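Asker: The following block contains the structure, expressed as C-alpha cells.
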Amino acid sequence: MARFLRSTIDEVNSKCDIASLVGEYVRLEKRGSEYWGCCPFHNEKTPSFHVVPDRKMYHCFGCGAGGSGISFLMEMEKMSFSEAVLTLAKKYGVQVEYEEGSVVPQDTDINKKELFKDLYTRVAGSFHYCLTSTKEGERALSYLKNRGVTDDIAEKFMLGYAPADRKWLRKFLKSKSYSDEFLDESGLFSKKYRDISFFSNRLMFPICDKNGKVVAFSGRILEGDGPKYINSGDLIQYKKGETLFAFHLAKQSIRKNKAVIICEGNMDVIAYHQADLTWAVAPLGTALTEEQLKILKPFADTVYLSFDNDAAGIKATRKAILMTRRLDFSVRIVKLSGGKDPSEILNEFGKETLTKYIENAILDSDFLLSVLSEEYNIGTPEGKAKASLEFFEYIDVLPSDIQKESCLEQLCQTYQLKPEAVKADFENRSSVLKKIETTNRQPDQGVAKKSSKLNAEVRAVLAVISNTGYFNLMRNSLTADDFDDATARDLFISLEECFRDDSSESISIMERCSNDTLKSLIASAVVSGEYSVNTEQFVKDSIRLIKYNSLCRKRERITNRIRQAATSSDTLENKNLLDALVSEKMNIDNELKQLKDANE
C-alpha cells in the first residue's frame with residue numbers, strides 16, 4: 001500500500017492557498033485577514049463557514065465541518081485521501097515522495113484523469129488550429145461568422161474543427177508518442193475500429209472542468225446525415241450530469257452577480273457571453289440535473305431559466321423550476337419572443353435587446369400560472385381545480401411559509417378563486433387529487449388494454465411514433481396544447497424532445513418516456529405493426545380531428561370570456577378587449593369551417 005512521506009503532506013498543506021481553493025466552490029467575503037461564507041456542506045442562509053488562511057484551515061460553526069485543504073477537497077469532490085493529496089500536489093507544484101518500502105502507484109485513477117485532461121486539452125488546441133488556420137476548416141469558420149460569432153469569442157471558447165478524415169487524429173496523436181493502449185481508453189475513437197475518430201467533419205465545442213482543463217467534446221454536424229450534435233460519453237475525467245458547459249468561463253461573473261443564466265445549448269451560451277452576459281452556462285445534451293445545480297449553489301442565489309418556448313422547452317422549464325426551488329434558489333424565466341434563440345436575437349437586434357430580456361425576466365410563479373391557464377380550461381370549475389392542483393406542487397417545494405402564503409394569494413387573484421376554498425384544497429390536496437383522478441379515470445386506460453379502445457388522440461401519436469417519418473406532418477399542424485388527453489400530450493412531447501435531439505428511432509422515444517404505461521403503449525404499437533397499413537391517411541385524418549376539437553375548445557373558452565366581458569364595466573379598455581375577443585372568435589370560426597369543408 002502506498003504511503004506518502006509526512007513531509008509531502010506537510011508541504012501540500014503549507015503551499016495550499018486554502019482561501020483560493022475554497023473560493024472555487026464557495027462565495028467568500030473577506031473580513032480583515034479572514035474569510036466568511038455559507039457552508040457548502042449544509043444549507044444555511046447566514047454565513048457560518050470560516051476560512052483562516054494563516055492557519056491553512058476552515059471550520060463551520062453551524063455543522064462543525066473543518067480541516068485542511070486536503071480534507072476540504074476530499075469532501076467536495078468525494079475523493080480518497082491519496083487522490084486529494086495528488087491533486088493538490090500537482091496544483092501547487094509539490095514533488096510527491098513515498099515512505100520506504102511503500103508500493104508506489106503507477107496508474108491511479110487520479111493520474112489517469114490528469115493524463116486524459118492533458119490529452120483532451122492538446123486535441124482541443126489542434127482542432128482550434130484546424131478551424132482557424134487550415135483550408136479544410138474554412139466552412140466551419142464561415143458557419144460561425146454567419147451565426148455572428150466573433151474571433152475573440154471563438155478563441156475564448158477554444159472552438160475547433162474535427163477534420164473529415166476519420167483516421168487523421170489517430171495518426172497525429174501517434175506521431176506525438178501516445179500509445180495505442182492509452183488512446184484506446186481515451187473515448188476519442190471507435191471501440192470497434194480503433195483508428196476511426198469519434199468526431200469528424202464537425203464544429204467542435206470543448207467541454208472544460210471548473211479549472212478550464214478540457215475533459216470532453218461536443219460536435220455539431222456541418223453537412224450530411226447524422227445527429228445534429230454528438231457528445232462525449234461519460235469518461236473517467238468527465239461525468240455529463242455533473243458538468244456545465246462554460247462554467248469555468250462564467251464562474252467569476254456568477255459569483256459577482258449572485259445569479260446564473262441556464263440555457264439549452266452551447267450556441268445559446270456563446271450568444272449570451274458575446275452580449276457581455278458572461279454568467280450563462282448550459283447542461284450538456286441532457287436535462288438539467290440536481291448535481292449541476294449543486295455546483296452553482298455556492299455562487300448564485302438566483303437562477304434565470306432561458307429554454308426554448310416550444311412544448312419540450314416549456315416542459316423542461318417546469319421541471320427545472322421545481323428542482324431549483326427545492327435547492328432554495330430564486331427563479332426567473334426568460335421569455336424570448338417569436339421563437340427566436342439568443343443567437344438570433346443578438347444578431348438581429350444587438351446585445352442591448354438580449355440584455356433587456358434578462359432584465360425583464362418574469363417570476364417563476366407568474367410563468368407557471370400562465371402556462372397552466374393555457375393547458376387547462378380555467379373557464380370551467382374542473383379546469384381551475386386541475387390547474388390549481390399542479391400549482392400546489394410548486395407551492396409545496398417553497399421553503400418559506402410566507403412564500404407559500406403569498407403564492408396561494410396569487411393563485412386566488414389570477415384564477416378568481418375564493419381564498420377559503422383554495423386553502424382547503426391545498427391542505428387536503430392528496431384527497432382532492434384522488435377524487436379528480438377517480439372521476440376522470442376511463443375504463444380503457446390500463447396498460448394491457450387493446451389499442452382499439454384507446455382514444456383518437458393517443459392512437460394518432462402512437463401511429464406517428466411507430467412511423468416516425470410522419471412526425472413533421474403532425475408537428476407542422478399541431479402543438480402539445482392541441483391535445484386534450486394528457487397521455488397523448490406526454491407522448492407528443494417525448495416525440496418532440498427526441499426529434500430535437502436528432503434521435504428519431506421509436507426505441508429512443510420509448511426510453512425518453514418517464515412512465516411505464518407510456519412505454520408499454522409504445523412497445524405494443526410498434527411490435528404489433530397495427531399502424532403500418534394506410535398510415536398516411538390515418539395520420540392526416542387524425543390531425544384534422546385533433547385540430548378541429550382543439551379549436552372547438554378554444555372557441556368555447558373565448559365565448560365564455562366574451563360573456564364575462566359583455567357584463568363587465570363599460571370602459572374603453574373593456575371595449576377593446578371585447579373587440580379583440582370577437583375578432584379572435586371569428587378567426588376560429590373560419591378555421592373550423594375550412595377544416596369541415598376539407599373533410600367533406
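Simple scheme: letters A, B, ... for chains in C-alpha cells order, numbers from 1 for residues in each chain, numbers from 1 for ligands in the order shown.
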For Ile18 (chain A), work out the shell of residues within 12 Å, counting only C-alpha atoms and skipping chain neighbours fewer than 2 positions away, then give it as a PyMOL selection string.
Answerer: chain A and resi 12-16+20-26+28+34-35+50-59+67-73+88+92
Asker: List the spatial neighbours of Asp396 (chain A) as a PyMOL selection string - criterion: any atom at most 10 Å away, only C-alpha atoms, same-chain residues fewer than 4 positions off excluded.
Answerer: chain A and resi 322+325-326+391-392+400-401+404+426
Asker: Suppose we keep N, CA, C and O atoms; can you now write the selection as a compact mmCIF listing (two decimals), in the first residue's frame?
Answerer:
# COMPACT_ATOMS: atom_id res chain seq x y z
N LEU A 322 -39.07 23.37 -10.34
CA LEU A 322 -39.25 22.59 -9.11
C LEU A 322 -37.90 22.18 -8.54
O LEU A 322 -37.68 22.25 -7.31
N ARG A 325 -36.09 25.30 -7.05
CA ARG A 325 -36.76 25.76 -5.84
C ARG A 325 -36.48 24.84 -4.66
O ARG A 325 -36.36 25.30 -3.51
N ARG A 326 -36.37 23.53 -4.93
CA ARG A 326 -36.05 22.59 -3.83
C ARG A 326 -34.68 22.90 -3.23
O ARG A 326 -34.44 22.61 -2.05
N PHE A 391 -50.31 23.71 -9.53
CA PHE A 391 -49.60 24.82 -8.92
C PHE A 391 -49.26 24.52 -7.46
O PHE A 391 -48.25 25.00 -6.93
N PHE A 392 -50.10 23.71 -6.80
CA PHE A 392 -49.81 23.30 -5.42
C PHE A 392 -48.46 22.58 -5.34
O PHE A 392 -47.76 22.69 -4.33
N SER A 400 -40.32 28.64 2.50
CA SER A 400 -40.85 29.58 3.50
C SER A 400 -42.37 29.56 3.54
O SER A 400 -43.03 29.54 2.49
N ASP A 401 -42.93 29.60 4.74
CA ASP A 401 -44.39 29.68 4.89
C ASP A 401 -44.93 30.99 4.31
O ASP A 401 -46.04 31.03 3.78
N LYS A 404 -45.22 30.49 0.61
CA LYS A 404 -46.38 29.64 0.32
C LYS A 404 -47.67 30.46 0.39
O LYS A 404 -48.52 30.37 -0.51
N PHE A 426 -55.75 23.06 -0.77
CA PHE A 426 -54.29 22.93 -0.59
C PHE A 426 -53.97 22.03 0.60
O PHE A 426 -53.08 21.17 0.53
Asker: Would you list, as a PyMOL selection string, the residues of region 71-316 of chain A that end up in strand (DSSP E) under DSSP run on this structure's backbone?
Answerer: chain A and resi 160-162+202-208+214-221+229-231+259-263+280-281+302-306
Asker: Please measure the separation of CA of Ser528 (chain A) and CA of Arg544 (chain A), giving the value in Å to one decimal.
Answerer: 25.2 Å
Asker: Pull the helix (DSSP H, G or I) assignments for region 88-300 of chain A out of DSSP run on the backbone, and list those residues as a count of residues only.
Answerer: 88
Asker: Sort by chain and increasing residue number a table of all residues of region 343-375 of chain A within 12 Å of region 288-312 of chain A, each with its closest pair of atoms and their distance in Å to one decimal, counting only C-alpha atoms, and write it as a Markdown table.
Answerer:
| residue | atom | partner | partner_atom | distance |
| --- | --- | --- | --- | --- |
| A:Leu354 | CA | A:Ser306 | CA | 11.3 |
| A:Tyr357 | CA | A:Ser306 | CA | 9.7 |
| A:Ile358 | CA | A:Tyr304 | CA | 7.8 |
| A:Glu359 | CA | A:Tyr304 | CA | 10.1 |
| A:Asn360 | CA | A:Tyr304 | CA | 10.8 |
| A:Ala361 | CA | A:Tyr304 | CA | 7.6 |
| A:Ile362 | CA | A:Tyr304 | CA | 9.2 |
| A:Leu363 | CA | A:Tyr304 | CA | 9.5 |
| A:Asp364 | CA | A:Leu305 | CA | 9.2 |
| A:Phe367 | CA | A:Leu305 | CA | 11.1 |
| A:Val371 | CA | A:Ala311 | CA | 10.4 |
| A:Glu374 | CA | A:Ala311 | CA | 11.9 |
| A:Glu375 | CA | A:Ala311 | CA | 10.9 |
Asker: Of the candidates A:Ile254, A:Glu44, A:Cys39, A:Thr468, which one gets nearest to Gly66 (chain A) if we count only C-alpha atoms?
Answerer: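 Of the candidates, the smallest distance to Gly66 (chain A) is held by A:Cys39.
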Asker: Quick one: residues within 9 Å of region 109-126 of chain A, only C-alpha atoms, excluding same-chain residues fewer than 6 positions away - as a PyMOL selection string?
Answerer: chain A and resi 82-84+86-87+158-162+169+173+182+186+188+204-206+208+213-217+235-238
Asker: Counting only C-alpha atoms, which of A:Thr353, A:Ser218, A:Asn201, A:Ser33 gets nearest to Ile230 (chain A)?
Answerer: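 Closest residue, counting only C-alpha atoms: A:Ser218.
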Asker: Taking only C-alpha atoms into account, which of A:Ile546, A:Leu595, A:Val96, A:Ile588 comes nearest Arg6 (chain A)?
Answerer: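 So, comparing all the options, the nearest one is A:Val96.
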Asker: For the contact check between region 329-423 of chain A and region 141-150 of chain A, emit one row per residue of region 329-423 of chain A within 12 Å, containing the shortest atom pair and the distance in Å rounded to one decimal, counting only C-alpha atoms, chain then rising number order, as CSV.
Answerer:
residue,atom,partner,partner_atom,distance
A:Asp341,CA,A:Arg147,CA,11.4
A:Pro342,CA,A:Arg147,CA,10.8
A:Ser343,CA,A:Arg147,CA,7.0
A:Glu344,CA,A:Arg147,CA,7.8
A:Ile345,CA,A:Gly148,CA,10.7
A:Leu346,CA,A:Gly148,CA,8.2
A:Asn347,CA,A:Gly148,CA,6.1
A:Glu348,CA,A:Gly148,CA,9.7
A:Phe349,CA,A:Gly148,CA,11.9
A:Gly350,CA,A:Gly148,CA,10.5
A:Lys351,CA,A:Gly148,CA,11.6
Asker: Ranking A:Thr479, A:Gln410, A:Ser330, A:Asn587 by minimum distance to Val397 (chain A) and counting only C-alpha atoms, which one comes first?
Answerer: A:Ser330
Asker: Using only C-alpha atoms, which residue out of A:Ile465, A:Ala456, A:Cys63, A:Met74 lies closest to Val526 (chain A)?
Answerer: A:Ile465
Asker: Leaving out Arg166 (chain A) and any residue of its chain fewer than 5 positions from it, which residues lie within 8 Å of it when counting only C-alpha atoms, given as a ChimeraX atom specification?
Answerer: /A:195-200
